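entry_5.cif (mmCIF, C-alpha atoms) appears below.
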```cif
data_input
#
loop_
_atom_site.label_atom_id
_atom_site.label_comp_id
_atom_site.auth_asym_id
_atom_site.auth_seq_id
_atom_site.Cartn_x
_atom_site.Cartn_y
_atom_site.Cartn_z
CA MET S 19 -44.01 16.65 -19.19
CA ASN S 20 -47.48 17.70 -20.19
CA ARG S 21 -49.26 17.20 -16.93
CA GLU S 22 -51.02 19.82 -14.86
CA GLY S 23 -48.75 19.22 -11.89
CA PRO S 24 -46.39 16.67 -10.43
CA ARG S 25 -47.62 13.13 -9.81
CA THR S 26 -48.34 11.95 -6.31
CA ASN S 27 -46.66 8.75 -5.16
CA GLU S 28 -49.85 6.84 -5.84
CA GLU S 29 -50.08 8.29 -9.35
CA TRP S 30 -46.51 7.30 -10.11
CA LEU S 31 -47.17 3.72 -9.08
CA ALA S 32 -50.47 3.59 -10.92
CA ASP S 33 -49.09 5.15 -14.12
CA LEU S 34 -45.99 2.95 -14.15
CA GLY S 35 -48.12 -0.09 -13.52
CA THR S 36 -50.73 0.56 -16.22
CA GLN S 37 -50.14 -0.33 -19.84
CA GLU S 38 -51.78 2.83 -21.25
CA THR S 39 -49.89 5.31 -19.05
CA ARG S 40 -46.61 3.47 -18.61
CA ALA S 41 -44.71 4.94 -21.57
CA GLU S 42 -45.48 8.54 -20.62
CA ALA S 43 -44.66 7.93 -16.95
CA LEU S 44 -41.36 6.29 -17.92
CA ALA S 45 -40.47 9.23 -20.16
CA ASP S 46 -41.25 11.68 -17.34
CA LEU S 47 -39.27 9.69 -14.81
CA ARG S 48 -36.35 9.50 -17.19
CA GLU S 49 -36.45 13.29 -17.48
CA TYR S 50 -36.32 13.66 -13.68
CA LEU S 51 -33.40 11.25 -13.48
CA LEU S 52 -31.52 13.01 -16.26
CA LYS S 53 -31.83 16.35 -14.48
CA ALA S 54 -30.52 14.75 -11.31
CA VAL S 55 -27.52 13.33 -13.19
CA TYR S 56 -26.69 16.65 -14.80
CA VAL S 57 -26.76 18.43 -11.44
CA TYR S 58 -24.50 15.73 -10.05
CA LEU S 59 -22.06 15.76 -12.98
CA ASP S 60 -21.88 19.54 -12.81
CA ARG S 61 -20.40 19.23 -9.32
CA TYR S 62 -17.60 17.10 -10.77
CA ARG S 63 -17.10 18.95 -14.05
CA GLU S 64 -13.40 19.51 -13.31
CA ASP S 65 -12.87 15.75 -13.23
CA LEU S 66 -14.66 15.36 -16.55
CA TYR S 67 -12.82 17.99 -18.53
CA ASP S 68 -11.48 15.33 -20.90
CA LEU S 69 -14.96 14.35 -22.07
CA SER S 70 -16.69 16.08 -24.96
CA ARG S 71 -20.22 17.41 -24.65
CA SER S 72 -21.64 14.49 -26.60
CA GLU S 73 -19.71 11.99 -24.46
CA LEU S 74 -21.08 13.65 -21.33
CA GLU S 75 -24.60 13.53 -22.70
CA GLN S 76 -24.19 9.87 -23.57
CA MET S 77 -22.84 9.19 -20.10
CA ALA S 78 -25.83 10.93 -18.51
CA GLU S 79 -28.25 9.04 -20.76
CA ASP S 80 -26.62 5.73 -19.80
CA PHE S 81 -26.83 6.50 -16.08
CA ALA S 82 -30.49 7.50 -16.41
CA GLN S 83 -31.31 4.38 -18.42
CA GLU S 84 -29.55 2.06 -15.98
CA ALA S 85 -31.25 3.76 -13.02
CA LEU S 86 -34.61 3.51 -14.73
CA LEU S 87 -34.21 -0.27 -14.95
CA GLN S 88 -33.24 -0.41 -11.27
CA VAL S 89 -36.25 1.69 -10.29
CA LEU S 90 -38.58 -0.63 -12.19
CA ASP S 91 -36.89 -3.66 -10.68
CA LYS S 92 -37.30 -2.27 -7.14
CA LEU S 93 -40.73 -0.75 -7.65
CA ASP S 94 -42.46 -3.24 -5.37
CA THR S 95 -40.11 -2.25 -2.51
CA PHE S 96 -41.27 1.39 -2.59
CA ARG S 97 -43.33 1.92 0.58
CA GLY S 98 -44.34 5.50 -0.02
CA GLU S 99 -42.34 6.72 2.96
CA SER S 100 -40.65 9.41 0.86
CA LYS S 101 -41.42 11.20 -2.37
CA PHE S 102 -41.24 8.77 -5.26
CA THR S 103 -38.80 10.93 -7.20
CA THR S 104 -36.47 11.35 -4.19
CA TRP S 105 -36.57 7.57 -3.78
CA ALA S 106 -35.66 7.18 -7.46
CA TYR S 107 -32.86 9.80 -7.47
CA ARG S 108 -30.61 7.74 -5.23
CA PHE S 109 -30.39 5.00 -7.87
CA VAL S 110 -29.16 7.35 -10.55
CA ILE S 111 -26.81 9.22 -8.21
CA ASN S 112 -25.43 5.93 -6.93
CA GLU S 113 -24.85 4.80 -10.51
CA ALA S 114 -23.14 8.04 -11.51
CA ALA S 115 -21.06 8.22 -8.33
CA ALA S 116 -19.70 4.71 -8.72
CA GLU S 117 -18.80 5.19 -12.37
CA LEU S 118 -17.21 8.60 -11.87
CA ARG S 119 -15.00 7.44 -9.04
CA LEU S 120 -13.86 4.41 -11.00
CA HIS S 121 -13.21 6.66 -14.00
CA ARG S 122 -10.59 8.54 -12.01
CA TRP S 123 -8.67 5.51 -10.70
CA ARG S 124 -9.12 2.99 -13.49
CA THR S 125 -5.66 3.33 -15.03
CA LEU S 126 -3.72 2.60 -11.82
CA SER S 127 -2.59 -0.87 -10.75
CA THR S 128 -4.10 -2.47 -7.66
CA GLU S 129 -0.84 -2.20 -5.77
CA ALA S 130 -0.52 1.47 -6.62
CA VAL S 131 -4.04 2.11 -5.38
CA ILE S 132 -4.36 0.04 -2.22
CA GLY S 133 -0.85 -1.35 -1.58
CA ASP S 134 -0.39 -4.82 -0.15
CA GLY S 135 -1.49 -3.98 3.38
CA GLU S 136 1.67 -5.46 4.82
CA GLU S 137 3.98 -2.58 5.64
CA VAL S 138 2.20 0.48 6.86
CA SER S 139 3.96 3.37 8.50
CA LEU S 140 1.59 5.86 10.03
CA LEU S 141 4.49 8.26 10.51
CA ASN S 142 5.14 8.30 6.78
CA PHE S 143 1.59 9.40 6.11
CA LEU S 144 1.69 11.96 8.90
CA GLY S 145 5.11 13.28 8.07
CA ASP S 146 3.99 16.88 7.84
CA ILE S 147 2.63 16.99 11.38
CA GLU S 148 5.18 19.01 13.25
CA ALA S 149 4.94 19.46 17.00
CA PRO S 150 5.35 22.99 18.37
CA ASP S 151 7.65 21.85 21.20
CA PRO S 152 9.81 18.80 22.08
CA GLU S 153 7.51 17.65 24.89
CA ARG S 154 4.51 17.53 22.66
CA SER S 155 6.57 15.96 19.93
CA VAL S 156 7.27 13.00 22.25
CA ALA S 157 3.59 12.80 23.24
CA ARG S 158 2.56 12.78 19.59
CA THR S 159 4.99 10.03 18.76
CA GLU S 160 3.67 7.94 21.66
CA ILE S 161 0.12 8.19 20.38
CA LEU S 162 1.15 7.37 16.84
CA VAL S 163 3.04 4.33 18.11
CA VAL S 164 -0.11 3.11 19.88
CA MET S 165 -2.13 3.57 16.71
CA GLN S 166 0.58 1.96 14.60
CA ARG S 167 0.61 -1.06 16.89
CA VAL S 168 -3.16 -1.46 16.62
CA ILE S 169 -2.96 -1.22 12.83
CA GLU S 170 -0.17 -3.80 12.64
CA GLU S 171 -1.27 -6.24 15.32
CA ASP S 172 -5.01 -5.96 15.82
CA LEU S 173 -6.37 -5.36 12.32
CA THR S 174 -6.86 -8.07 9.74
CA ARG S 175 -5.08 -7.57 6.42
CA ARG S 176 -8.31 -6.49 4.73
CA GLN S 177 -9.12 -4.04 7.53
CA ARG S 178 -5.60 -2.64 7.24
CA VAL S 179 -5.80 -2.33 3.46
CA ALA S 180 -9.19 -0.62 3.65
CA LEU S 181 -8.16 1.76 6.44
CA VAL S 182 -4.86 2.77 4.89
CA SER S 183 -6.28 3.13 1.39
CA ILE S 184 -9.27 5.22 2.40
CA LYS S 185 -8.12 7.20 5.42
CA LEU S 186 -4.47 7.69 4.57
CA ARG S 187 -4.21 7.42 0.80
CA GLY S 188 -7.60 9.02 0.11
CA VAL S 189 -8.80 6.27 -2.23
CA PRO S 190 -12.61 6.21 -2.67
CA VAL S 191 -14.59 3.43 -1.01
CA VAL S 192 -15.95 2.27 -4.37
CA GLU S 193 -12.46 1.83 -5.77
CA VAL S 194 -11.21 -0.06 -2.73
CA ALA S 195 -14.29 -2.29 -2.92
CA GLU S 196 -13.55 -3.05 -6.56
CA ARG S 197 -9.92 -3.91 -5.82
CA LEU S 198 -10.85 -6.09 -2.83
CA ASP S 199 -13.63 -7.79 -4.78
CA ALA S 200 -16.08 -6.66 -2.12
CA THR S 201 -19.16 -4.44 -1.91
CA PRO S 202 -18.85 -0.84 -0.67
CA ASN S 203 -20.94 -1.88 2.32
CA THR S 204 -18.39 -4.57 3.20
CA VAL S 205 -15.60 -2.01 2.95
CA TYR S 206 -17.53 0.32 5.25
CA LYS S 207 -17.72 -2.51 7.78
CA LEU S 208 -13.97 -3.12 7.49
CA ILE S 209 -13.35 0.55 8.22
CA TYR S 210 -15.89 0.49 11.07
CA ASP S 211 -14.11 -2.46 12.68
CA ALA S 212 -10.76 -0.76 12.24
CA ARG S 213 -12.07 2.44 13.85
CA LYS S 214 -13.48 0.44 16.73
CA LYS S 215 -10.16 -1.30 17.34
CA LEU S 216 -8.26 1.98 17.18
CA LYS S 217 -10.67 3.51 19.69
CA GLU S 218 -10.28 0.52 22.02
CA GLY S 219 -6.50 0.62 21.61
CA LEU S 220 -6.28 4.28 22.52
CA GLU S 221 -8.71 3.95 25.43
CA ARG S 222 -6.82 0.93 26.72
CA ARG S 223 -3.83 3.23 27.05
CA HIS S 224 -6.10 5.78 28.80
CA TYR S 225 -6.02 8.32 26.00
CA SER S 226 -9.30 10.22 25.85
CA GLN S 227 -10.41 12.13 22.75
CA ALA S 228 -9.67 15.38 24.58
CA ASP S 229 -6.12 14.20 25.39
CA VAL S 230 -5.34 13.27 21.80
CA LEU S 231 -6.86 16.42 20.34
CA ALA S 232 -4.95 18.56 22.84
CA ILE S 233 -1.67 16.85 21.99
CA PHE S 234 -2.37 17.31 18.31
CA GLY S 235 -3.76 20.80 18.78
CA GLU S 236 -2.71 23.65 16.54
CA GLU S 237 -0.44 26.32 17.90
CA MET H 7 -2.33 13.86 5.91
CA LYS H 8 -2.72 17.38 7.26
CA LEU H 9 -3.07 18.09 10.96
CA GLU H 10 -6.73 19.07 10.71
CA SER H 11 -7.52 15.91 8.75
CA PHE H 12 -5.78 13.86 11.42
CA ARG H 13 -7.77 15.62 14.15
CA GLU H 14 -10.97 14.89 12.23
CA TRP H 15 -9.94 11.26 11.95
CA ILE H 16 -9.38 11.14 15.73
CA ARG H 17 -12.88 12.58 16.26
CA GLN H 18 -14.29 9.90 13.97
CA ILE H 19 -12.44 7.16 15.83
CA TYR H 20 -13.80 8.30 19.19
CA ALA H 21 -17.29 8.79 17.75
CA THR H 22 -17.45 5.10 16.80
CA ARG H 23 -20.56 3.52 18.28
CA ASP H 24 -21.85 -0.02 18.55
CA ASP H 25 -25.17 0.80 16.87
CA GLU H 26 -23.90 2.44 13.67
CA LEU H 27 -25.86 1.90 10.48
CA ASP H 28 -24.09 0.40 7.49
CA CYS H 29 -24.18 1.79 3.93
CA ASP H 30 -27.09 -0.40 2.81
CA ALA H 31 -29.30 0.80 5.67
CA VAL H 32 -28.37 4.44 5.04
CA PHE H 33 -29.04 4.07 1.31
CA GLU H 34 -32.60 3.07 2.21
CA LEU H 35 -33.04 6.03 4.56
CA ILE H 36 -31.51 8.77 2.38
CA PRO H 37 -34.81 9.62 0.60
CA LYS H 38 -36.65 10.19 3.89
CA TYR H 39 -33.71 12.14 5.29
CA VAL H 40 -33.57 14.32 2.17
CA ASP H 41 -37.33 14.91 2.06
CA LYS H 42 -37.26 16.22 5.61
CA GLU H 43 -34.40 18.55 4.79
CA VAL H 44 -36.08 19.85 1.64
CA ALA H 45 -39.24 20.44 3.71
CA GLY H 46 -37.19 22.67 6.01
CA GLU H 47 -37.18 20.21 8.90
CA ASP H 48 -34.13 18.96 10.76
CA PRO H 49 -33.58 15.35 9.61
CA THR H 50 -30.97 14.70 12.30
CA ILE H 51 -33.71 14.66 14.95
CA ASP H 52 -35.43 11.60 13.47
CA PHE H 53 -32.35 10.06 11.91
CA PRO H 54 -29.32 10.68 14.15
CA GLN H 55 -27.68 7.46 13.00
CA VAL H 56 -27.84 8.58 9.37
CA GLU H 57 -26.11 11.81 10.30
CA GLN H 58 -23.49 9.81 12.18
CA HIS H 59 -22.89 7.55 9.17
CA LEU H 60 -22.65 10.47 6.75
CA LYS H 61 -19.84 11.94 8.85
CA HIS H 62 -17.82 8.75 8.44
CA CYS H 63 -18.65 7.66 4.92
CA SER H 64 -17.66 9.89 2.01
CA ARG H 65 -19.42 7.64 -0.51
CA CYS H 66 -22.80 7.84 1.20
CA ARG H 67 -22.29 11.56 1.83
CA ASP H 68 -21.68 12.05 -1.89
CA ILE H 69 -24.89 10.18 -2.75
CA TYR H 70 -26.83 12.11 -0.11
CA ILE H 71 -25.66 15.46 -1.48
CA GLY H 72 -26.49 14.38 -5.04
CA VAL H 73 -30.01 13.31 -4.07
CA LEU H 74 -30.48 16.46 -1.99
CA GLU H 75 -29.46 18.74 -4.87
CA ALA H 76 -31.82 16.94 -7.27
CA ALA H 77 -34.72 17.09 -4.81
CA LYS H 78 -34.11 20.79 -4.15
CA LEU H 79 -34.03 21.52 -7.87
CA GLU H 80 -37.32 19.68 -8.33
CA GLU H 81 -38.87 21.61 -5.45
CA GLN H 82 -37.62 24.92 -6.84
CA GLU H 83 -38.90 24.18 -10.34
CA GLN H 84 -42.25 23.16 -8.97
CA ALA H 85 -42.48 26.38 -6.95
CA GLU H 86 -41.68 28.41 -10.08
CA ARG H 87 -44.36 26.59 -12.08
CA THR H 88 -46.89 27.20 -9.33
CA ALA H 89 -45.98 30.88 -9.25
CA SER H 90 -46.15 31.21 -13.05
CA PRO H 91 -48.68 28.69 -14.39
CA SER H 92 -48.00 29.86 -17.94
CA LEU H 93 -44.54 28.27 -17.68
CA GLN H 94 -46.13 24.87 -17.18
CA LEU H 95 -44.52 22.38 -19.52
#
```
Will you turn the file into C-alpha coordinates for me?
Amino acid sequence: MNREGPRTNEEWLADLGTQETRAEALADLREYLLKAVYVYLDRYREDLYDLSRSELEQMAEDFAQEALLQVLDKLDTFRGESKFTTWAYRFVINEAAAELRLHRWRTLSTEAVIGDGEEVSLLNFLGDIEAPDPERSVARTEILVVMQRVIEEDLTRRQRVALVSIKLRGVPVVEVAERLDATPNTVYKLIYDARKKLKEGLERRHYSQADVLAIFGEE
Amino acid sequence: MKLESFREWIRQIYATRDDELDCDAVFELIPKYVDKEVAGEDPTIDFPQVEQHLKHCSRCRDIYIGVLEAAKLEEQEQAERTASPSLQL
(Lines of atoms letter the chains of each structure in order from A and count residues from 1; the text may use other names and numbers.)
(Lines give C-alpha, C1' and ligand atoms only; values in the text may rest on other atoms or scores of the structure.)
Protein backbone atom coordinates (compact mmCIF):
# COMPACT_ATOMS: atom_id res chain seq x y z
CA MET A 1 0.00 0.00 0.00
CA ASN A 2 1.58 3.24 -1.11
CA ARG A 3 -1.03 5.65 0.06
CA GLU A 4 -0.61 8.42 2.59
CA GLY A 5 -3.24 6.94 4.88
CA PRO A 6 -6.15 4.55 4.89
CA ARG A 7 -9.02 5.10 2.47
CA THR A 8 -12.32 6.44 3.69
CA ASN A 9 -15.44 4.47 2.83
CA GLU A 10 -16.17 6.86 0.00
CA GLU A 11 -12.65 6.47 -1.36
CA TRP A 12 -12.92 2.70 -1.32
CA LEU A 13 -16.14 2.80 -3.31
CA ALA A 14 -14.79 5.40 -5.72
CA ASP A 15 -11.48 3.60 -6.26
CA LEU A 16 -13.11 0.20 -6.73
CA GLY A 17 -15.60 1.69 -9.11
CA THR A 18 -13.12 3.58 -11.30
CA GLN A 19 -11.18 1.88 -14.06
CA GLU A 20 -7.90 3.74 -13.38
CA THR A 21 -7.81 3.08 -9.63
CA ARG A 22 -9.53 -0.29 -9.47
CA ALA A 23 -6.47 -2.53 -9.75
CA GLU A 24 -4.60 -0.76 -6.95
CA ALA A 25 -7.68 -0.70 -4.70
CA LEU A 26 -8.25 -4.42 -5.32
CA ALA A 27 -4.63 -5.20 -4.47
CA ASP A 28 -4.90 -3.19 -1.24
CA LEU A 29 -8.17 -4.82 -0.28
CA ARG A 30 -6.71 -8.23 -0.96
CA GLU A 31 -3.85 -7.38 1.40
CA TYR A 32 -6.31 -6.42 4.16
CA LEU A 33 -8.25 -9.65 3.64
CA LEU A 34 -5.10 -11.75 3.67
CA LYS A 35 -4.02 -10.26 7.00
CA ALA A 36 -7.45 -11.01 8.41
CA VAL A 37 -7.21 -14.64 7.25
CA TYR A 38 -3.77 -15.11 8.75
CA VAL A 39 -4.92 -13.78 12.12
CA TYR A 40 -7.89 -16.12 11.95
CA LEU A 41 -5.87 -19.18 10.90
CA ASP A 42 -3.35 -18.48 13.64
CA ARG A 43 -6.11 -19.02 16.20
CA TYR A 44 -6.67 -22.49 14.76
CA ARG A 45 -3.05 -23.43 14.06
CA GLU A 46 -3.33 -26.58 16.18
CA ASP A 47 -6.04 -27.88 13.85
CA LEU A 48 -3.88 -27.16 10.82
CA TYR A 49 -0.69 -28.84 11.96
CA ASP A 50 -0.91 -31.30 9.07
CA LEU A 51 -0.64 -28.55 6.45
CA SER A 52 2.71 -27.30 5.17
CA ARG A 53 3.55 -23.62 5.07
CA SER A 54 2.95 -23.43 1.33
CA GLU A 55 -0.40 -25.23 1.68
CA LEU A 56 -1.42 -22.76 4.37
CA GLU A 57 -0.40 -19.83 2.21
CA GLN A 58 -2.35 -21.25 -0.71
CA MET A 59 -5.36 -21.76 1.54
CA ALA A 60 -5.16 -18.14 2.74
CA GLU A 61 -4.79 -16.88 -0.83
CA ASP A 62 -7.85 -18.89 -1.90
CA PHE A 63 -9.95 -17.53 0.96
CA ALA A 64 -8.89 -13.97 0.18
CA GLN A 65 -9.60 -14.41 -3.52
CA GLU A 66 -13.03 -15.92 -2.92
CA ALA A 67 -13.89 -13.18 -0.42
CA LEU A 68 -12.73 -10.52 -2.85
CA LEU A 69 -15.22 -11.79 -5.42
CA GLN A 70 -17.98 -11.77 -2.80
CA VAL A 71 -17.10 -8.22 -1.76
CA LEU A 72 -17.29 -7.03 -5.36
CA ASP A 73 -20.55 -8.89 -5.87
CA LYS A 74 -22.09 -7.26 -2.77
CA LEU A 75 -20.53 -3.84 -3.23
CA ASP A 76 -23.83 -2.16 -4.03
CA THR A 77 -25.27 -3.40 -0.70
CA PHE A 78 -22.63 -1.54 1.33
CA ARG A 79 -24.44 1.35 3.04
CA GLY A 80 -21.46 2.93 4.75
CA GLU A 81 -22.82 2.09 8.19
CA SER A 82 -19.50 0.55 9.24
CA LYS A 83 -15.91 0.80 8.09
CA PHE A 84 -15.56 -0.65 4.63
CA THR A 85 -12.75 -2.98 5.67
CA THR A 86 -14.69 -4.29 8.69
CA TRP A 87 -17.63 -4.92 6.36
CA ALA A 88 -15.31 -6.83 4.02
CA TYR A 89 -13.57 -8.88 6.74
CA ARG A 90 -16.69 -10.86 7.56
CA PHE A 91 -16.73 -12.36 4.06
CA VAL A 92 -13.22 -13.71 4.34
CA ILE A 93 -13.67 -14.89 7.93
CA ASN A 94 -16.94 -16.57 6.99
CA GLU A 95 -15.20 -18.30 4.10
CA ALA A 96 -12.28 -19.47 6.23
CA ALA A 97 -14.50 -20.54 9.13
CA ALA A 98 -16.72 -22.69 6.94
CA GLU A 99 -13.82 -24.39 5.21
CA LEU A 100 -11.85 -25.01 8.40
CA ARG A 101 -14.76 -26.60 10.20
CA LEU A 102 -15.52 -28.84 7.25
CA HIS A 103 -11.83 -29.76 7.05
CA ARG A 104 -12.04 -31.28 10.52
CA TRP A 105 -15.16 -33.40 9.97
CA ARG A 106 -14.91 -34.27 6.28
CA THR A 107 -13.71 -37.85 6.69
CA LEU A 108 -16.59 -38.98 8.94
CA SER A 109 -19.82 -40.52 7.65
CA THR A 110 -23.08 -38.64 8.06
CA GLU A 111 -24.37 -41.15 10.58
CA ALA A 112 -21.20 -40.87 12.64
CA VAL A 113 -21.51 -37.09 12.68
CA ILE A 114 -25.20 -36.41 13.21
CA GLY A 115 -26.76 -39.85 13.88
CA ASP A 116 -30.22 -40.67 12.60
CA GLY A 117 -32.12 -38.52 15.09
CA GLU A 118 -34.30 -41.43 16.09
CA GLU A 119 -32.95 -42.76 19.37
CA VAL A 120 -31.62 -40.09 21.63
CA SER A 121 -30.83 -40.68 25.27
CA LEU A 122 -30.09 -37.51 27.15
CA LEU A 123 -28.86 -39.58 30.08
CA ASN A 124 -26.19 -41.16 27.90
CA PHE A 125 -24.82 -37.77 27.01
CA LEU A 126 -25.02 -36.56 30.60
CA GLY A 127 -23.64 -39.71 32.12
CA ASP A 128 -20.91 -37.93 34.04
CA ILE A 129 -23.31 -35.70 35.95
CA GLU A 130 -23.33 -37.15 39.40
CA ALA A 131 -25.68 -35.85 42.06
CA PRO A 132 -24.20 -35.09 45.49
CA ASP A 133 -27.10 -36.76 47.34
CA PRO A 134 -29.95 -39.23 46.57
CA GLU A 135 -32.67 -36.58 46.83
CA ARG A 136 -31.05 -34.37 44.28
CA SER A 137 -30.28 -37.37 42.14
CA VAL A 138 -34.03 -38.06 41.87
CA ALA A 139 -34.74 -34.39 41.13
CA ARG A 140 -32.11 -34.38 38.39
CA THR A 141 -33.54 -37.49 36.81
CA GLU A 142 -37.02 -35.95 36.82
CA ILE A 143 -35.80 -32.89 34.95
CA LEU A 144 -33.88 -34.97 32.44
CA VAL A 145 -36.98 -37.08 31.84
CA VAL A 146 -38.99 -33.92 31.10
CA MET A 147 -36.32 -32.76 28.66
CA GLN A 148 -36.04 -36.21 27.12
CA ARG A 149 -39.80 -36.29 26.55
CA VAL A 150 -39.74 -32.91 24.82
CA ILE A 151 -36.88 -34.05 22.60
CA GLU A 152 -38.65 -37.28 21.67
CA GLU A 153 -42.23 -36.08 21.38
CA ASP A 154 -42.25 -32.36 20.62
CA LEU A 155 -39.28 -31.89 18.29
CA THR A 156 -39.32 -32.69 14.60
CA ARG A 157 -36.67 -35.13 13.40
CA ARG A 158 -34.58 -32.31 11.93
CA GLN A 159 -34.84 -30.27 15.14
CA ARG A 160 -33.78 -33.34 17.10
CA VAL A 161 -30.86 -34.08 14.79
CA ALA A 162 -29.68 -30.47 14.93
CA LEU A 163 -30.04 -30.19 18.71
CA VAL A 164 -28.35 -33.48 19.51
CA SER A 165 -25.54 -32.98 17.00
CA ILE A 166 -24.69 -29.45 18.06
CA LYS A 167 -25.50 -29.30 21.76
CA LEU A 168 -24.69 -32.85 22.79
CA ARG A 169 -22.20 -34.14 20.25
CA GLY A 170 -20.46 -30.79 19.73
CA VAL A 171 -20.67 -30.88 15.93
CA PRO A 172 -20.26 -27.43 14.31
CA VAL A 173 -23.31 -25.74 12.82
CA VAL A 174 -21.68 -25.61 9.38
CA GLU A 175 -21.11 -29.35 9.37
CA VAL A 176 -24.66 -30.13 10.48
CA ALA A 177 -25.96 -27.78 7.79
CA GLU A 178 -23.92 -29.60 5.17
CA ARG A 179 -25.19 -33.00 6.29
CA LEU A 180 -28.81 -31.82 6.43
CA ASP A 181 -28.51 -30.10 3.07
CA ALA A 182 -29.53 -26.84 4.73
CA THR A 183 -28.01 -23.40 5.32
CA PRO A 184 -26.39 -22.59 8.69
CA ASN A 185 -29.17 -20.07 9.21
CA THR A 186 -31.77 -22.82 8.82
CA VAL A 187 -29.91 -24.94 11.35
CA TYR A 188 -29.85 -22.01 13.77
CA LYS A 189 -33.62 -21.78 13.42
CA LEU A 190 -33.99 -25.53 14.09
CA ILE A 191 -31.96 -25.10 17.28
CA TYR A 192 -33.94 -21.99 18.22
CA ASP A 193 -37.23 -23.88 17.86
CA ALA A 194 -35.84 -26.77 19.88
CA ARG A 195 -34.70 -24.42 22.65
CA LYS A 196 -38.11 -22.77 22.68
CA LYS A 197 -39.88 -26.11 23.02
CA LEU A 198 -37.54 -27.22 25.80
CA LYS A 199 -38.18 -23.96 27.65
CA GLU A 200 -41.95 -24.37 27.25
CA GLY A 201 -41.73 -28.00 28.34
CA LEU A 202 -39.82 -27.17 31.50
CA GLU A 203 -42.03 -24.19 32.34
CA ARG A 204 -45.14 -26.28 31.77
CA ARG A 205 -43.88 -28.51 34.56
CA HIS A 206 -43.26 -25.36 36.66
CA TYR A 207 -39.49 -25.61 36.60
CA SER A 208 -37.93 -22.15 36.68
CA GLN A 209 -34.35 -21.51 35.58
CA ALA A 210 -33.40 -21.01 39.24
CA ASP A 211 -34.94 -24.40 40.16
CA VAL A 212 -33.06 -26.27 37.47
CA LEU A 213 -29.75 -24.54 38.15
CA ALA A 214 -30.12 -25.21 41.87
CA ILE A 215 -30.82 -28.89 41.27
CA PHE A 216 -27.85 -29.10 38.96
CA GLY A 217 -25.69 -26.91 41.17
CA GLU A 218 -22.14 -27.86 42.01
CA GLU A 219 -21.32 -29.05 45.48
CA MET B 1 -21.41 -33.16 28.58
CA LYS B 2 -19.90 -31.66 31.72
CA LEU B 3 -22.03 -30.21 34.48
CA GLU B 4 -21.03 -26.61 33.75
CA SER B 5 -21.82 -27.08 30.05
CA PHE B 6 -25.21 -28.46 30.98
CA ARG B 7 -25.86 -25.49 33.28
CA GLU B 8 -24.88 -23.15 30.45
CA TRP B 9 -27.26 -24.98 28.14
CA ILE B 10 -30.06 -24.55 30.71
CA ARG B 11 -29.30 -20.80 30.84
CA GLN B 12 -29.49 -20.66 27.05
CA ILE B 13 -32.80 -22.51 27.02
CA TYR B 14 -34.36 -20.10 29.52
CA ALA B 15 -32.85 -17.09 27.72
CA THR B 16 -34.75 -18.01 24.54
CA ARG B 17 -36.80 -15.03 23.37
CA ASP B 18 -39.42 -14.53 20.70
CA ASP B 19 -37.52 -11.67 19.03
CA GLU B 20 -34.14 -13.35 18.51
CA LEU B 21 -32.16 -12.47 15.40
CA ASP B 22 -31.15 -15.24 13.04
CA CYS B 23 -27.63 -15.79 11.65
CA ASP B 24 -28.26 -13.83 8.44
CA ALA B 25 -29.37 -10.74 10.36
CA VAL B 26 -26.42 -10.99 12.74
CA PHE B 27 -23.99 -11.42 9.84
CA GLU B 28 -25.20 -8.05 8.54
CA LEU B 29 -24.79 -6.37 11.93
CA ILE B 30 -21.37 -7.79 12.90
CA PRO B 31 -19.38 -4.96 11.20
CA LYS B 32 -21.27 -2.25 13.09
CA TYR B 33 -21.01 -4.21 16.33
CA VAL B 34 -17.26 -4.69 15.83
CA ASP B 35 -16.63 -1.05 14.89
CA LYS B 36 -18.25 0.10 18.10
CA GLU B 37 -16.14 -2.30 20.13
CA VAL B 38 -12.92 -1.26 18.40
CA ALA B 39 -13.86 2.38 19.07
CA GLY B 40 -14.02 1.55 22.78
CA GLU B 41 -17.81 1.76 22.98
CA ASP B 42 -20.12 -0.89 24.38
CA PRO B 43 -21.85 -2.50 21.36
CA THR B 44 -24.32 -4.38 23.55
CA ILE B 45 -26.14 -1.12 24.31
CA ASP B 46 -27.16 -0.56 20.69
CA PHE B 47 -27.24 -4.20 19.67
CA PRO B 48 -28.52 -6.32 22.59
CA GLN B 49 -30.01 -8.87 20.20
CA VAL B 50 -26.63 -9.43 18.55
CA GLU B 51 -25.10 -10.10 21.94
CA GLN B 52 -27.93 -12.51 22.70
CA HIS B 53 -27.39 -14.36 19.41
CA LEU B 54 -23.63 -14.59 19.90
CA LYS B 55 -24.20 -16.35 23.22
CA HIS B 56 -26.22 -19.05 21.47
CA CYS B 57 -24.43 -19.44 18.16
CA SER B 58 -20.83 -20.65 18.13
CA ARG B 59 -20.54 -20.15 14.37
CA CYS B 60 -21.51 -16.48 14.46
CA ARG B 61 -19.37 -15.98 17.57
CA ASP B 62 -16.39 -17.42 15.70
CA ILE B 63 -16.97 -15.05 12.78
CA TYR B 64 -17.44 -12.11 15.14
CA ILE B 65 -14.15 -12.84 16.94
CA GLY B 66 -12.34 -13.23 13.60
CA VAL B 67 -13.65 -9.89 12.31
CA LEU B 68 -12.91 -8.22 15.64
CA GLU B 69 -9.30 -9.44 15.67
CA ALA B 70 -8.76 -8.25 12.08
CA ALA B 71 -10.30 -4.84 12.79
CA LYS B 72 -8.21 -4.43 15.95
CA LEU B 73 -5.04 -5.32 14.06
CA GLU B 74 -5.88 -2.75 11.39
CA GLU B 75 -6.53 -0.12 14.04
CA GLN B 76 -3.27 -0.94 15.82
CA GLU B 77 -1.23 -0.82 12.61
CA GLN B 78 -2.81 2.47 11.66
CA ALA B 79 -1.98 3.92 15.09
CA GLU B 80 1.64 2.79 14.71
CA ARG B 81 1.90 4.38 11.26
CA THR B 82 0.45 7.62 12.59
CA ALA B 83 2.94 7.59 15.46
CA SER B 84 5.88 6.82 13.16
CA PRO B 85 5.17 8.29 9.72
CA SER B 86 8.50 6.97 8.44
CA LEU B 87 7.07 3.45 8.71
CA GLN B 88 4.39 4.33 6.18
CA LEU B 89 4.26 1.65 3.51
Pick from H:Ser90, H:Val56, H:Ala76, H:Arg23: nearest to Lys38 (chain H), with all atoms listed in the file counted?
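Of H:Ser90, H:Val56, H:Ala76, H:Arg23, the one nearest Lys38 (chain H) is H:Val56, counting all atoms listed in the file.
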Show which residues sit within 9 Å of Arg13 (chain H), as a list of chain:residue names. Count all atoms listed in the file, and ignore same-chain residues fewer than 2 positions away.
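Once the adjacent positions are removed, what remains is S:Val230, S:Leu231, S:Phe234, S:Gly235, H:Lys8, H:Leu9, H:Glu10, H:Ser11, H:Trp15, H:Ile16, H:Arg17, H:Gln18.
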Step by step, work through what the PyMOL selection byres ((chain H) within 10 of (chain S)) selects in the shown file, and finish by giving those residues as an MDAnalysis selection string.
chainID H and resid 7:24 26:31 33:42 59 62:66 68:80 84 87:88 91 94:95
Just checking: using only C-alpha atoms, which residue out of S:Glu171, S:Asp94, S:Glu64, S:Glu193 ends up closest to Leu31 (chain S)?
S:Asp94
The PyMOL selection byres ((chain S and resi 74) around 12) applied to the shown file, residues as a PyMOL selection string
chain S and resi 52+55-56+58-60+62-63+65-73+75-81+114+118
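Within 12 Å of Thr174 (chain S), once all atoms listed in the file are used and residues closer than 2 positions along the same chain are dropped, the contacting residues are Gly135, Glu136, Val168, Ile169, Glu170, Glu171, Asp172, Arg176, Gln177, Arg178, Val179, Ala180, Leu181, Leu208, Ile209, Asp211, Ala212 and Lys215 of chain S.
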